[in-house]
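Engineer: Can you read through this structure? Questions will come right after.
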Amino acid sequence: MNIDELKSVANAIVAEQKGVLAADESNPTIQKRFASIQVESTEENRRRYREILFTAYGIEATVGGVILYDETLRQCSHEGVPFPQLLAERGIIPGIKVDQGAKALALYPGEKVTEGLDGLRARLAEYRQLGAQFAKWRAVIEIDEHDIPSPFGIRANAHALARYAALCQEAGLVPIVEPEVLMDGAHSIERCEAVTEQVLQTVFAELDAHRVVFEGMLLKPNMVIAGKLCPVQASVLEVAAATLRCLRRTVPAAVPGIVFLSGGQSAADATDHLNAMNAMEPQPWQVSFSYGRALQAPVLEAWLGQEDNVVAAQRALLNRCHLNGLARAGKYARSMENAA
């Protein structure tokens with residue numbers, strides 16, 4: 001393990017104005033995205049769509065890393081350039097999703113645990129050879145208003161995240177650790193904050209026990225936000241304040257960056273919340289983004305599977321990346337959405 005190299009990669013991903021484009025949708029997930037625009041999810045259509053994302057002119061100004069899916073990591077551009085090489089040549093660090101999805105946690109109804117540790121060491125070595133420099137593992141934390149998640153459900157997911165992170169660093173890959181407390185349901189923002197704090201405390205205790213070097217990892221958490229069905233929705237400033245309060249209580253200052261997931265928020269909401277956090281007092285870590293739908297939804301709407309729409313689709317991506325780059329510095333305003 002080369003700690004200096006891990007630190008360098010982690011810091012480069014969250015360099016000033018930069019964040020992560022999450023383009024690691026599994027084939028079933030991308031099939032749903034394509035179905036929404038009536039595009040068939042063939043291997044070539046998936047390849048072409050990702051190529052449109054990766055070749056958008058100028059995204060390297062605000063995208064420090066891209067998370068790829070296994071299939072995508074092995075694909076090439078129309079000119080035959082492997083996607084990891086194409087990204088690296090543009091100064092964008094290629095990464096890889098390595099978990100194998102959340103499954104029901106045995107004997108704990110309503111809770112899940114992420115699988116994929118079996119054979120992970122060998123897969124990481126292969127991904128490293130294919131050009132990946134970082135990885136991502138998502139833990140899904142279901143939440144209700146009272147009993148879920150259980151302490152054991154949290155521990156099970158934290159333990160898996162820590163084992164994954166240790167294996168990544170052993171293999172020379174920066175781990176992005178993603179414990180996502182879902183925003184589905186009717187829970188309040190106060191309930192979300194309490195659960196998120198408990199989750200992050202447990203995750204970092206496990207990471208420390210597994211000897212993970214905090215300077216060589218990134219955290220991808222949820223924002224502290226009320227459930228979608230909660231009758232009381234917090235303001236942008238309330239979300240930002242609650243999220244930062246929770247993170248300051250739980251995340252070591254040694255971690256280089258926090259790259260938030262959007263978690264089903266609209267593109268504008270995700271950007272607005274990120275901006276509000278960066279407009280507050282300085283934090284010990286870079287406060288950035290690792291968005292999937294919040295960057296890609298406008299791209300899909302513009303593309304519609306038509307080659308004539310590629311330029312418009314890439315402009316939509318550049319616009320969202322630009323707005324989030326501004327939010328990284330607390331310089332975004334909601335009025336910019338209408339202007340765009």
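For the structure tokens, the naming scheme is as follows: chains receive sequential letters (A, B, ...) according to their order of presentation, residues are indexed from 1 within each chain, and ligands are indexed from 1 in presentation order.
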Return as an MDAnalysis selection string the full set of residues in range 107-319 of chain A whose backbone-based DSSP assignment is alpha helix (DSSP H).
Structural biologist: chainID A and resid 120:129 151:171 189:209 236:250 267:278 293:303 310:319
Engineer: Write out as a ChimeraX atom specification each polymer residue whose atoms come within 8 Å of Cys168 in chain A, counting only C-alpha atoms; drop sequence neighbours fewer than 5 positions from it.
Structural biologist: /A:121,124,134-135,173-175
Engineer: Just want the 9 Å neighbourhood of Gln133 in chain A, counted on only C-alpha atoms, with same-chain residues fewer than 4 positions away dropped. Output as a list in words.
Structural biologist: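 Surrounding residues, per the criterion: Leu6, Val9, Ile93, Pro94, Gly95, Ile96, Tyr127, Arg128, Gly172, Leu173 and Val174 of chain A.
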Engineer: Nearest to Ala294 in chain A: which of A:Ile3, A:Ala276, A:Ile148, A:Ala267 is it, counting only C-alpha atoms?
Structural biologist: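 Between A:Ile3, A:Ala276, A:Ile148, A:Ala267, the residue approaching Ala294 in chain A most closely is A:Ala267.
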Engineer: As a PyMOL selection string, please: the residues near range 315-330 of chain A (cut-off 7 Å, only C-alpha atoms, same-chain neighbours under 4 positions excluded).
Structural biologist: chain A and resi 17-18+59+62+271+274-276+278-279+287-288+295-296+298-299+311
Engineer: List every residue of range 217-293 of chain A that DSSP, applied to the backbone, labels as strand (DSSP E), and write the result as a PyMOL selection string.
Structural biologist: chain A and resi 218-219+257-260+286-291
Engineer: Quick one: write out the picked residues with N, CA, C and O atoms as a PDB file, in the first residue's frame?
Structural biologist:
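Below you can see selection.pdb, which holds the result:
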ATOM      1  N   LEU A 218     -12.426   8.453   0.686  1.00  0.00           N
ATOM      2  CA  LEU A 218     -13.445   9.495   0.586  1.00  0.00           C
ATOM      3  C   LEU A 218     -14.748   8.940   1.150  1.00  0.00           C
ATOM      4  O   LEU A 218     -15.008   7.738   1.078  1.00  0.00           O
ATOM      5  N   LEU A 219     -15.563   9.818   1.714  1.00  0.00           N
ATOM      6  CA  LEU A 219     -16.867   9.432   2.256  1.00  0.00           C
ATOM      7  C   LEU A 219     -17.964   9.921   1.334  1.00  0.00           C
ATOM      8  O   LEU A 219     -17.957  11.078   0.907  1.00  0.00           O
ATOM      9  N   GLY A 257     -12.136  14.368   1.718  1.00  0.00           N
ATOM     10  CA  GLY A 257     -13.329  14.934   1.111  1.00  0.00           C
ATOM     11  C   GLY A 257     -14.583  14.135   1.376  1.00  0.00           C
ATOM     12  O   GLY A 257     -14.551  12.925   1.589  1.00  0.00           O
ATOM     13  N   ILE A 258     -15.703  14.862   1.356  1.00  0.00           N
ATOM     14  CA  ILE A 258     -17.030  14.272   1.444  1.00  0.00           C
ATOM     15  C   ILE A 258     -17.714  14.533   0.115  1.00  0.00           C
ATOM     16  O   ILE A 258     -17.849  15.686  -0.309  1.00  0.00           O
ATOM     17  N   VAL A 259     -18.106  13.463  -0.563  1.00  0.00           N
ATOM     18  CA  VAL A 259     -18.740  13.579  -1.881  1.00  0.00           C
ATOM     19  C   VAL A 259     -20.178  13.086  -1.744  1.00  0.00           C
ATOM     20  O   VAL A 259     -20.452  11.906  -1.774  1.00  0.00           O
ATOM     21  N   PHE A 260     -21.096  14.008  -1.573  1.00  0.00           N
ATOM     22  CA  PHE A 260     -22.479  13.642  -1.280  1.00  0.00           C
ATOM     23  C   PHE A 260     -23.145  12.911  -2.435  1.00  0.00           C
ATOM     24  O   PHE A 260     -22.925  13.223  -3.604  1.00  0.00           O
ATOM     25  N   GLN A 286     -13.010  18.714   2.144  1.00  0.00           N
ATOM     26  CA  GLN A 286     -13.668  19.259   0.956  1.00  0.00           C
ATOM     27  C   GLN A 286     -15.127  18.768   0.944  1.00  0.00           C
ATOM     28  O   GLN A 286     -15.398  17.600   1.201  1.00  0.00           O
ATOM     29  N   VAL A 287     -16.052  19.662   0.667  1.00  0.00           N
ATOM     30  CA  VAL A 287     -17.473  19.326   0.621  1.00  0.00           C
ATOM     31  C   VAL A 287     -17.895  19.335  -0.849  1.00  0.00           C
ATOM     32  O   VAL A 287     -18.040  20.388  -1.462  1.00  0.00           O
ATOM     33  N   SER A 288     -18.066  18.133  -1.402  1.00  0.00           N
ATOM     34  CA  SER A 288     -18.231  17.998  -2.842  1.00  0.00           C
ATOM     35  C   SER A 288     -19.427  17.109  -3.182  1.00  0.00           C
ATOM     36  O   SER A 288     -20.311  16.897  -2.360  1.00  0.00           O
ATOM     37  N   PHE A 289     -19.442  16.596  -4.396  1.00  0.00           N
ATOM     38  CA  PHE A 289     -20.589  15.827  -4.886  1.00  0.00           C
ATOM     39  C   PHE A 289     -20.132  14.564  -5.585  1.00  0.00           C
ATOM     40  O   PHE A 289     -19.035  14.482  -6.134  1.00  0.00           O
ATOM     41  N   SER A 290     -20.999  13.563  -5.547  1.00  0.00           N
ATOM     42  CA  SER A 290     -20.837  12.349  -6.352  1.00  0.00           C
ATOM     43  C   SER A 290     -22.234  11.983  -6.835  1.00  0.00           C
ATOM     44  O   SER A 290     -22.898  11.101  -6.280  1.00  0.00           O
ATOM     45  N   TYR A 291     -22.696  12.701  -7.859  1.00  0.00           N
ATOM     46  CA  TYR A 291     -24.080  12.616  -8.291  1.00  0.00           C
ATOM     47  C   TYR A 291     -24.234  11.711  -9.512  1.00  0.00           C
ATOM     48  O   TYR A 291     -23.384  11.718 -10.410  1.00  0.00           O
TER      49      TYR A 291
END
Engineer: In Å, rounded to a single decimal, give me how far CA of Pro221 in chain A is from CA of Gly153 in chain A.
Structural biologist: 16.9 Å
Engineer: Might you pull out every residue within 10 Å of Val213 in chain A, with only C-alpha atoms counted and same-chain residues fewer than 3 positions away left off, and present them as an mmCIF file with C-alpha atoms, in the first residue's frame?
Structural biologist:
data_model
loop_
_atom_site.group_PDB
_atom_site.id
_atom_site.type_symbol
_atom_site.label_atom_id
_atom_site.label_comp_id
_atom_site.auth_asym_id
_atom_site.auth_seq_id
_atom_site.Cartn_x
_atom_site.Cartn_y
_atom_site.Cartn_z
ATOM 1 C CA ILE A 3 -0.186 5.835 1.315
ATOM 2 C CA LEU A 6 -3.716 7.021 -2.143
ATOM 3 C CA LYS A 7 -3.687 10.502 -0.620
ATOM 4 C CA ALA A 165 -12.121 -0.268 2.217
ATOM 5 C CA ALA A 166 -9.199 -2.194 3.687
ATOM 6 C CA GLN A 169 -6.193 0.257 0.098
ATOM 7 C CA VAL A 174 -8.861 4.731 -2.976
ATOM 8 C CA LEU A 207 -12.786 1.628 9.464
ATOM 9 C CA ASP A 208 -10.373 2.410 12.295
ATOM 10 C CA HIS A 210 -9.644 -2.394 10.041
ATOM 11 C CA GLY A 216 -6.571 7.778 1.575
ATOM 12 C CA MET A 217 -10.366 7.442 1.383
ATOM 13 C CA ALA A 254 -8.107 13.505 8.207
ATOM 14 C CA VAL A 255 -10.639 12.461 5.537
#
Engineer: Excluding Glu197 in chain A and its own-chain neighbours fewer than 5 positions away, which residues fall within 12 Å of it when counting only C-alpha atoms? Please give them as a count of residues only.
Structural biologist: 24
Engineer: Within 8 Å of Leu130 in chain A, counting only C-alpha atoms, which residues show up once you throw out same-chain ones fewer than 6 positions away? Write them as an mmCIF file with all heavy atoms, in the first residue's frame, please.
Structural biologist:
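Contents of the output file part.cif:
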data_model
loop_
_atom_site.group_PDB
_atom_site.id
_atom_site.type_symbol
_atom_site.label_atom_id
_atom_site.label_comp_id
_atom_site.auth_asym_id
_atom_site.auth_seq_id
_atom_site.Cartn_x
_atom_site.Cartn_y
_atom_site.Cartn_z
ATOM 1 N N LEU A 73 -16.174 -0.261 -17.671
ATOM 2 C CA LEU A 73 -14.725 -0.241 -17.494
ATOM 3 C C LEU A 73 -14.015 -0.992 -18.614
ATOM 4 O O LEU A 73 -12.889 -0.670 -18.982
ATOM 5 C CB LEU A 73 -14.356 -0.863 -16.141
ATOM 6 C CG LEU A 73 -12.889 -0.782 -15.731
ATOM 7 C CD1 LEU A 73 -12.523 0.628 -15.286
ATOM 8 C CD2 LEU A 73 -12.591 -1.776 -14.606
ATOM 9 N N ARG A 74 -14.702 -1.984 -19.187
ATOM 10 C CA ARG A 74 -14.101 -2.828 -20.226
ATOM 11 C C ARG A 74 -14.434 -2.351 -21.640
ATOM 12 O O ARG A 74 -13.957 -2.941 -22.613
ATOM 13 C CB ARG A 74 -14.584 -4.278 -20.051
ATOM 14 C CG ARG A 74 -14.300 -4.841 -18.668
ATOM 15 C CD ARG A 74 -14.949 -6.206 -18.465
ATOM 16 N NE ARG A 74 -14.903 -6.620 -17.062
ATOM 17 C CZ ARG A 74 -13.866 -7.212 -16.478
ATOM 18 N NH1 ARG A 74 -12.782 -7.483 -17.193
ATOM 19 N NH2 ARG A 74 -13.900 -7.551 -15.203
ATOM 20 N N PRO A 84 -11.251 3.862 -19.452
ATOM 21 C CA PRO A 84 -10.353 4.352 -18.402
ATOM 22 C C PRO A 84 -9.216 5.206 -18.959
ATOM 23 O O PRO A 84 -8.842 6.220 -18.365
ATOM 24 C CB PRO A 84 -9.819 3.068 -17.760
ATOM 25 C CG PRO A 84 -10.872 2.042 -18.040
ATOM 26 C CD PRO A 84 -11.398 2.390 -19.396
#
Engineer: Just checking: using only C-alpha atoms, which residue out of A:Ala234, A:Asp184, A:Leu261, A:Gly116 ends up closest to Gly19 in chain A?
Structural biologist: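 For Gly19 in chain A, the nearest of the given residues is A:Leu261.
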Engineer: Quick one: of A:Glu178, A:Glu89, A:Gly264, A:Tyr49, who's nearest to Gln75 in chain A, counting only C-alpha atoms?
Structural biologist: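 Using only C-alpha atoms, the shortest distance to Gln75 in chain A belongs to A:Tyr49.
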Engineer: One number please: CA of Glu145 in chain A to CA of His187 in chain A, in Å, one decimal.
Structural biologist: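 Atom-to-atom, CA of Glu145 in chain A and CA of His187 in chain A are spaced 4.9 Å apart.
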Engineer: Which one is closest to Pro231 in chain A: A:Gln283, A:Ser77, A:Gln198, A:Ser188? Count only C-alpha atoms.
Structural biologist: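 Of A:Gln283, A:Ser77, A:Gln198, A:Ser188, the one nearest Pro231 in chain A, counting only C-alpha atoms, is A:Ser188.
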Engineer: Which is closer to Arg47 in chain A than all the others in A:Ala61, A:Asp70, A:Ala139, A:Ala35, using only C-alpha atoms?
Structural biologist: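 Going through A:Ala61, A:Asp70, A:Ala139, A:Ala35 one by one, the smallest distance to Arg47 in chain A is for A:Asp70.
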Engineer: Could you check which of A:Asp308, A:Asp147, A:Glu79, A:Glu16 is closest to Gly110 in chain A, using only C-alpha atoms?
Structural biologist: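 When distances to Gly110 in chain A are compared using only C-alpha atoms, the smallest one comes from A:Asp147.
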Engineer: Distance CA of Ala125 in chain A-CA of Ala22 in chain A, one decimal place?
Structural biologist: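 Distance reported for this atom pair: 21.4 Å.
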